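**Student:** Sharing a structure, written as structure tokens. Questions coming.
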Amino acid sequence: MPGHMLNASCLCGYETGLSPGASMMTNSSTVIAYTADLSDLITIEEDLASKAKLKTIADPALDADPMEGMPIMGGEFEKGWGPYLCPECKRKTLRIFFCGNWD
């Protein structure tokens, strides 16, 4: 099962790439999670996130309506998935955008 390449971006300037999904090679799944101190947003193996009790964000691309399309980076900021808590400015102004798929 493949995954998604996503970009999380906030108006404050925070930006990071994320790659949630599953790998048959490693037989593991990766999820989007905040670090323990909520200072960053990362992609981490699902079991490690669970053991560390990290706050996770469900991959928004999994619930996307194919008829509506995916919010693409560089498009209208307000159309990105979210808003989510930004790890940098601590406001709920973070948006997530689709950048592609990985295998």
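We label chains A, B, ... in the order they appear in the structure tokens, count residues from 1 in each chain, and number ligands from 1 in the order shown.
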Apply DSSP to the structure's backbone, then extract all residues of chain A labelled helix (DSSP H, G or I) and return them as an MDAnalysis selection string.
**Tutor:** chainID A and resid 46:51 60:63 77:79
**Student:** Which parts of chain A does DSSP call strand (DSSP E or B) when run on the backbone here, written out as an MDAnalysis selection string?
**Tutor:** chainID A and resid 3:10 15:18 21:23 28:34 41:45 56:57 72 81:84 94:102
**Student:** Grab the residues selected above and save them as a short mmCIF file (atom, residue, chain, number, x, y, z; two decimals), in the first residue's frame with N, CA and C atoms.
**Tutor:**
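File written: selection.cif
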data_model
loop_
_atom_site.label_atom_id
_atom_site.label_comp_id
_atom_site.auth_asym_id
_atom_site.auth_seq_id
_atom_site.Cartn_x
_atom_site.Cartn_y
_atom_site.Cartn_z
N GLY A 3 1.58 5.59 -0.05
CA GLY A 3 1.23 6.69 0.84
C GLY A 3 1.13 7.99 0.07
N HIS A 4 1.00 9.05 0.83
CA HIS A 4 0.83 10.38 0.25
C HIS A 4 2.01 11.27 0.62
N MET A 5 2.37 12.15 -0.30
CA MET A 5 3.34 13.20 -0.02
C MET A 5 2.51 14.46 0.23
N LEU A 6 2.68 15.01 1.42
CA LEU A 6 1.89 16.16 1.84
C LEU A 6 2.82 17.27 2.29
N ASN A 7 2.31 18.48 2.28
CA ASN A 7 3.05 19.63 2.78
C ASN A 7 2.17 20.35 3.79
N ALA A 8 2.69 20.56 5.00
CA ALA A 8 1.97 21.32 6.02
C ALA A 8 2.54 22.73 6.03
N SER A 9 1.66 23.71 6.01
CA SER A 9 2.09 25.09 5.89
C SER A 9 1.21 26.00 6.73
N CYS A 10 1.83 27.02 7.32
CA CYS A 10 1.09 27.99 8.13
C CYS A 10 1.43 29.40 7.65
N GLU A 15 6.67 25.41 7.74
CA GLU A 15 6.39 24.50 6.62
C GLU A 15 7.19 23.22 6.80
N THR A 16 6.55 22.09 6.50
CA THR A 16 7.24 20.81 6.58
C THR A 16 6.61 19.81 5.63
N GLY A 17 7.41 18.88 5.14
CA GLY A 17 6.91 17.81 4.29
C GLY A 17 6.54 16.60 5.15
N LEU A 18 5.50 15.89 4.76
CA LEU A 18 5.01 14.72 5.49
C LEU A 18 4.75 13.60 4.50
N GLY A 21 1.63 6.76 5.30
CA GLY A 21 1.25 5.65 4.43
C GLY A 21 1.72 4.34 5.00
N ALA A 22 1.84 3.37 4.14
CA ALA A 22 2.25 2.03 4.58
C ALA A 22 3.28 1.47 3.59
N SER A 23 4.20 0.72 4.13
CA SER A 23 5.24 0.10 3.31
C SER A 23 5.18 -1.41 3.46
N SER A 28 5.22 -1.80 7.83
CA SER A 28 4.87 -0.81 8.84
C SER A 28 4.08 0.33 8.21
N SER A 29 3.38 1.06 9.06
CA SER A 29 2.62 2.23 8.64
C SER A 29 3.22 3.46 9.29
N THR A 30 3.19 4.56 8.56
CA THR A 30 3.63 5.83 9.13
C THR A 30 2.45 6.77 9.24
N VAL A 31 2.48 7.62 10.27
CA VAL A 31 1.40 8.56 10.55
C VAL A 31 1.97 9.96 10.74
N ILE A 32 1.10 10.94 10.69
CA ILE A 32 1.46 12.32 10.98
C ILE A 32 1.29 12.51 12.48
N ALA A 33 2.32 13.05 13.14
CA ALA A 33 2.25 13.24 14.59
C ALA A 33 3.00 14.51 15.01
N TYR A 34 2.54 15.09 16.10
CA TYR A 34 3.28 16.19 16.73
C TYR A 34 4.37 15.55 17.59
N LEU A 41 5.94 18.93 13.57
CA LEU A 41 5.04 17.94 13.01
C LEU A 41 5.90 17.00 12.17
N ILE A 42 5.76 15.68 12.39
CA ILE A 42 6.65 14.71 11.78
C ILE A 42 5.85 13.53 11.20
N THR A 43 6.53 12.74 10.40
CA THR A 43 6.00 11.45 9.97
C THR A 43 6.79 10.41 10.76
N ILE A 44 6.08 9.49 11.42
CA ILE A 44 6.71 8.51 12.29
C ILE A 44 5.96 7.19 12.19
N GLU A 45 6.65 6.09 12.44
CA GLU A 45 5.98 4.80 12.41
C GLU A 45 4.84 4.80 13.43
N THR A 56 -1.65 12.54 17.13
CA THR A 56 -1.56 12.30 15.68
C THR A 56 -2.66 13.03 14.92
N ILE A 57 -2.42 13.19 13.63
CA ILE A 57 -3.39 13.75 12.70
C ILE A 57 -3.66 12.68 11.65
N ILE A 72 -3.97 21.50 -3.62
CA ILE A 72 -2.59 21.44 -4.08
C ILE A 72 -1.80 22.65 -3.54
N TRP A 81 -6.46 21.36 3.65
CA TRP A 81 -7.12 20.64 4.73
C TRP A 81 -6.75 21.28 6.05
N GLY A 82 -7.70 21.37 6.95
CA GLY A 82 -7.45 21.96 8.26
C GLY A 82 -8.55 22.92 8.62
N PRO A 83 -8.31 23.80 9.52
CA PRO A 83 -7.01 24.13 10.11
C PRO A 83 -6.63 23.19 11.25
N TYR A 84 -5.32 23.09 11.44
CA TYR A 84 -4.73 22.31 12.53
C TYR A 84 -3.86 23.24 13.38
N LEU A 94 -2.70 26.06 10.69
CA LEU A 94 -1.91 25.19 9.81
C LEU A 94 -2.84 24.51 8.80
N ARG A 95 -2.41 24.45 7.57
CA ARG A 95 -3.15 23.76 6.50
C ARG A 95 -2.26 22.69 5.90
N ILE A 96 -2.88 21.62 5.39
CA ILE A 96 -2.14 20.53 4.76
C ILE A 96 -2.57 20.42 3.30
N PHE A 97 -1.56 20.26 2.42
CA PHE A 97 -1.78 20.22 0.98
C PHE A 97 -1.21 18.93 0.39
N PHE A 98 -1.84 18.45 -0.66
CA PHE A 98 -1.41 17.26 -1.37
C PHE A 98 -0.30 17.61 -2.34
N CYS A 99 0.78 16.80 -2.34
CA CYS A 99 1.89 17.01 -3.27
C CYS A 99 2.11 15.83 -4.20
N GLY A 100 1.58 14.66 -3.85
CA GLY A 100 1.77 13.49 -4.71
C GLY A 100 1.59 12.19 -3.93
N ASN A 101 1.95 11.11 -4.59
CA ASN A 101 1.86 9.76 -3.98
C ASN A 101 3.25 9.15 -3.97
N TRP A 102 3.46 8.23 -3.04
CA TRP A 102 4.69 7.43 -3.04
C TRP A 102 4.33 5.96 -2.95
#
**Student:** Which residues are near Ala64 in chain A? Cut-off 12 Å, only C-alpha atoms, ignore same chain within fewer than 3 positions. Put them as JSON, numbers by chain.
**Tutor:** {"A": [4, 58, 59, 60, 61, 67, 68, 69, 70, 71, 80, 81, 97, 98]}
**Student:** What does the distance between CA of Leu85 in chain A and CA of Leu38 in chain A come to in Å, to one decimal place?
**Tutor:** 9.2 Å
